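Asker: The structure under discussion is supplied below as structure tokens; questions concerning it will follow.
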Amino acid sequence: MKLRALAFSLSLLAPLMAPAEESPAHAQLQAMSQANRSLEYSGRFLYQFGAEVSTMEVSHAVIDGHEYQRLTHLDGRLVEVLRRGDEVICVHPDRSLTRMRKGQAGPMALAQRLADDVPDQYNILVDGDGRVAGRQATRVRVAPLDTHRYGYRLWMDKESSLLLKSEVVDGSGVALERVEFVSLDLAPGLSLAHFDIPASLSESKLQPLGQGHEASHMRVETDWLPAGFVAADQDWRSGDGKRKPVAAQGYSDGLAAFTVFVETVGEGAVEEGVSRVGPTVAVSRRLTAPSGAYLITLVGEVPQSTAERVIQGVSVRDARH
């Protein structure tokens with residue numbers, strides 16, 4: 001659950017024509033991206049992740065030119081994620097908190113990732129009208145051109161262009177994840193106080209490794225990626241000094257994303273395997289390299305076959321040699 005909060009924390013069968021540069025579908029996505037970044041709103045939505053369903057509350061505002069957002073779990077143990085400008089703060093059920101850098105993961109992040117342009121590996125099409133939370137909506141489909149990523153179904157508010165509902169779908173069109181507003185207020189009158197950080201018992205923050213640390217010289221590489229995926233900056237980090245350093249190497253095609261985590265391990269047994277919840281897959285395997293032994297874990301919203309093929313080509317090398 002804590003990992004879910006931190007991360008908090010998305011192929012259709014019908015053939016689609018490649019869209020023109022200024023197609024109605026592109027115009028809808030551009031309007032949606034702008035609306036989700038700039039409008040003030042609050043509401044409640046259902047978040048279906050595999051077989052699990054949660055009720056959540058979201059508030060969003062732009063104050064003095066900075067974006068603020070608060071996500072709160074309304075059932076189960078209390079978990080909150082606050083975005084204050086470029087800072088993301090996760091409040092855990094034990095009231096501890098973790099400060100993170102701005103990320104693009106989580107149930108409300110799809111509208112941010114669907115910015116002005118959809119990657120070349122997808123086709124998009126306006127797919128009629130619908131109704132969500134009592135509001136008239138326009139439906140849009142985003143379909144991958146290969147089997148290495150998922151597709152999306154979107155419902156956008158006709159009045160405000162906000163994303164009211166989204167589904168991540170597999171190659172058979174089955175929804176693996178669903179976010180759906182059940183109520184929406186476009187004039188909630190939010191102030192900076194609404195986004196205050198709650199009092200916490202403790203605070204943790206992942207710290208960058210010093211340049212002299214042995215692990216800071218290690219580099220994570222892969223010999224195969226699906227078309228369109230590129231690597232982000234690599235980041236070796238450690239917590240309170242008690243756990244071993246962990247590298248996080250992110251990859252994205254601009255819409256789908258996954259992260260390869262690398263942790264140094266000893267000679268004992270480590271847990272390898274595959275797990276899936278909704279569209280999120282986690283694949284772990286042990287890797288022995290000249291520089292030592294590592295546990296490699298890939299976590300992301302890609303098909304299992306894609307994740308397994310990527311992780312088979314992951315290697316760790318010493319950049320000094």
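Within each chain, counting starts at residue 1; across the structure tokens, chains are named A, B, ... in the order shown, with ligands numbered 1 upward in that order.
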Which residues, written as a list in words, have at least one atom at most 9 Å from Gly76 in chain A, with only C-alpha atoms counted and residues fewer than 3 positions away on the same chain left out?

Answerer: Ser54, His73 and Val79 of chain A

Asker: How would the residues just chosen look if you wrote them out with C-alpha atoms as a PDB file, in the first residue's frame?

Answerer:
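part_0.pdb was written with the following content:
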ATOM      1  CA  SER A  54     -11.360   2.940  -4.031  1.00  0.00           C
ATOM      2  CA  HIS A  73      -8.316   8.207  -0.011  1.00  0.00           C
ATOM      3  CA  VAL A  79      -3.444   8.252   2.559  1.00  0.00           C
TER       4      VAL A  79
END

Asker: Find the spatial neighbours of Asp185 in chain A, counting only C-alpha atoms, within a cut-off of 12 Å - ignore same-chain residues fewer than 2 positions away - and output them as a list in words.

Answerer: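 What passes the distance filter is Leu39, Glu40, Tyr41, Ser42, Gly43, Arg44, Phe45, Glu57, Val58, Ser59, His60, Ala133, Gly134, Arg135, Ser160, Leu162, Leu164, Phe181, Val182, Ser183, Ala187, Pro188, Gly189 and Leu190 of chain A.
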
Asker: Since we have the selection now, will you write its residues out, keeping N, CA and C atoms, as a short mmCIF file (atom, residue, chain, number, x, y, z; two decimals), in the first residue's frame?

Answerer:
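The result, written out as out.cif:
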data_model
loop_
_atom_site.label_atom_id
_atom_site.label_comp_id
_atom_site.auth_asym_id
_atom_site.auth_seq_id
_atom_site.Cartn_x
_atom_site.Cartn_y
_atom_site.Cartn_z
N LEU A 39 -7.50 24.87 -14.54
CA LEU A 39 -8.78 25.13 -13.90
C LEU A 39 -8.76 24.80 -12.41
N GLU A 40 -9.63 25.48 -11.69
CA GLU A 40 -9.86 25.15 -10.27
C GLU A 40 -11.06 24.22 -10.21
N TYR A 41 -10.90 23.11 -9.51
CA TYR A 41 -12.00 22.15 -9.40
C TYR A 41 -11.80 21.25 -8.19
N SER A 42 -12.86 20.62 -7.76
CA SER A 42 -12.79 19.59 -6.73
C SER A 42 -13.87 18.57 -7.05
N GLY A 43 -13.68 17.37 -6.58
CA GLY A 43 -14.66 16.33 -6.85
C GLY A 43 -14.28 15.01 -6.22
N ARG A 44 -15.15 14.05 -6.40
CA ARG A 44 -14.90 12.69 -5.93
C ARG A 44 -14.95 11.75 -7.13
N PHE A 45 -14.08 10.73 -7.07
CA PHE A 45 -14.04 9.79 -8.19
C PHE A 45 -13.78 8.38 -7.69
N GLU A 57 -10.92 11.64 -3.31
CA GLU A 57 -11.31 13.03 -3.45
C GLU A 57 -10.12 13.81 -4.00
N VAL A 58 -10.39 14.73 -4.92
CA VAL A 58 -9.32 15.53 -5.52
C VAL A 58 -9.70 17.00 -5.47
N SER A 59 -8.72 17.84 -5.19
CA SER A 59 -8.87 19.29 -5.29
C SER A 59 -7.69 19.83 -6.08
N HIS A 60 -7.94 20.80 -6.95
CA HIS A 60 -6.88 21.35 -7.80
C HIS A 60 -7.09 22.85 -7.95
N ALA A 133 -20.89 11.47 -14.51
CA ALA A 133 -21.20 12.31 -13.35
C ALA A 133 -22.29 13.33 -13.67
N GLY A 134 -23.24 12.94 -14.53
CA GLY A 134 -24.33 13.82 -14.89
C GLY A 134 -23.96 14.89 -15.89
N ARG A 135 -22.77 14.80 -16.49
CA ARG A 135 -22.28 15.83 -17.40
C ARG A 135 -22.08 15.25 -18.79
N SER A 160 -16.09 22.06 -19.84
CA SER A 160 -14.80 22.54 -19.32
C SER A 160 -13.59 21.88 -19.97
N LEU A 162 -12.35 19.14 -18.99
CA LEU A 162 -11.69 18.29 -18.00
C LEU A 162 -11.89 16.82 -18.33
N LEU A 164 -13.08 13.50 -17.38
CA LEU A 164 -14.05 13.00 -16.42
C LEU A 164 -13.89 11.51 -16.15
N PHE A 181 -15.08 10.20 -12.37
CA PHE A 181 -15.70 11.15 -11.45
C PHE A 181 -17.15 10.77 -11.20
N VAL A 182 -17.59 10.95 -9.94
CA VAL A 182 -19.00 10.78 -9.60
C VAL A 182 -19.61 12.12 -9.18
N SER A 183 -18.76 13.10 -8.87
CA SER A 183 -19.22 14.46 -8.60
C SER A 183 -18.11 15.42 -8.96
N ALA A 187 -16.26 25.38 -9.27
CA ALA A 187 -16.05 26.64 -8.57
C ALA A 187 -16.01 26.39 -7.06
N PRO A 188 -15.02 25.63 -6.58
CA PRO A 188 -14.99 25.26 -5.16
C PRO A 188 -14.46 26.35 -4.23
N GLY A 189 -13.85 27.40 -4.78
CA GLY A 189 -13.35 28.49 -3.93
C GLY A 189 -12.20 28.06 -3.04
N LEU A 190 -11.18 27.42 -3.60
CA LEU A 190 -10.06 26.90 -2.82
C LEU A 190 -9.06 28.00 -2.49
#

Asker: Looking at A:Asp129, A:Glu167, A:Glu177, A:Glu221, which one is nearest to Ala51 in chain A, with distances taken over only C-alpha atoms?

Answerer: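 Looking only at the distances to Ala51 in chain A, the closest residue turns out to be A:Glu177.
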
Asker: Nearest to Leu255 in chain A among A:Val118, A:Ala143, A:Leu163, A:Leu298, with distances taken over only C-alpha atoms: which residue is it?

Answerer: A:Val118

Asker: Between A:Val314, A:Val140, A:Leu192, A:Val169, which one has atoms that come closest to Glu67 in chain A, using only C-alpha atoms?

Answerer: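 Result for the nearest residue to Glu67 in chain A: A:Leu192.
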
Asker: Based on DSSP run over this structure's backbone, return all residues of range 133-230 of chain A in strand (DSSP E), as a PyMOL selection string.

Answerer: chain A and resi 135-144+151-157+163-169+175-185+203-204+207-208+218-222+230

Asker: Nearest residue to Tyr152 in chain A out of A:Ser23, A:Ser252, A:Gln30, A:Ser172, using only C-alpha atoms?

Answerer: A:Ser172

Asker: Return the single residue from A:Val302, A:Leu125, A:Leu176, A:Val81 that is closest to Asp196 in chain A, with distances computed using only C-alpha atoms.

Answerer: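 That would be A:Val81, the residue with the smallest distance to Asp196 in chain A.
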
Asker: Excluding same-chain residues fewer than 3 positions from range 304-309 of chain A, what lies within 12 Å of it counting only C-alpha atoms, as number ranges by chain?

Answerer: A: 146-150, 170, 222-227, 229, 251, 256-260, 273-285, 296-301, 312-314

Asker: Rounded to one decimal, what separation in Å do you get between CA of Leu287 in chain A and CA of Glu267 in chain A?

Answerer: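 Between CA of Leu287 in chain A and CA of Glu267 in chain A the gap works out to 11.1 Å.
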
Asker: Grab the CA of Met156 in chain A to CA of Arg139 in chain A distance for me, in Å with one decimal place.

Answerer: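 Between CA of Met156 in chain A and CA of Arg139 in chain A the gap works out to 6.5 Å.
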
Asker: Set the distance at 6 Å and use only C-alpha atoms: which residues neighbour Val179 in chain A once local chain neighbours fewer than 2 positions away are removed? I'd like the list as a list of chain:residue names.

Answerer: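 Here the qualifying residues turn out to be A:Leu46, A:Tyr47, A:Lys165, A:Ser166.
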
Asker: In Å to one decimal, how far is CA of Val174 in chain A from CA of Phe49 in chain A?

Answerer: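 For CA of Phe49 in chain A relative to CA of Val174 in chain A, the distance reads 12.5 Å.
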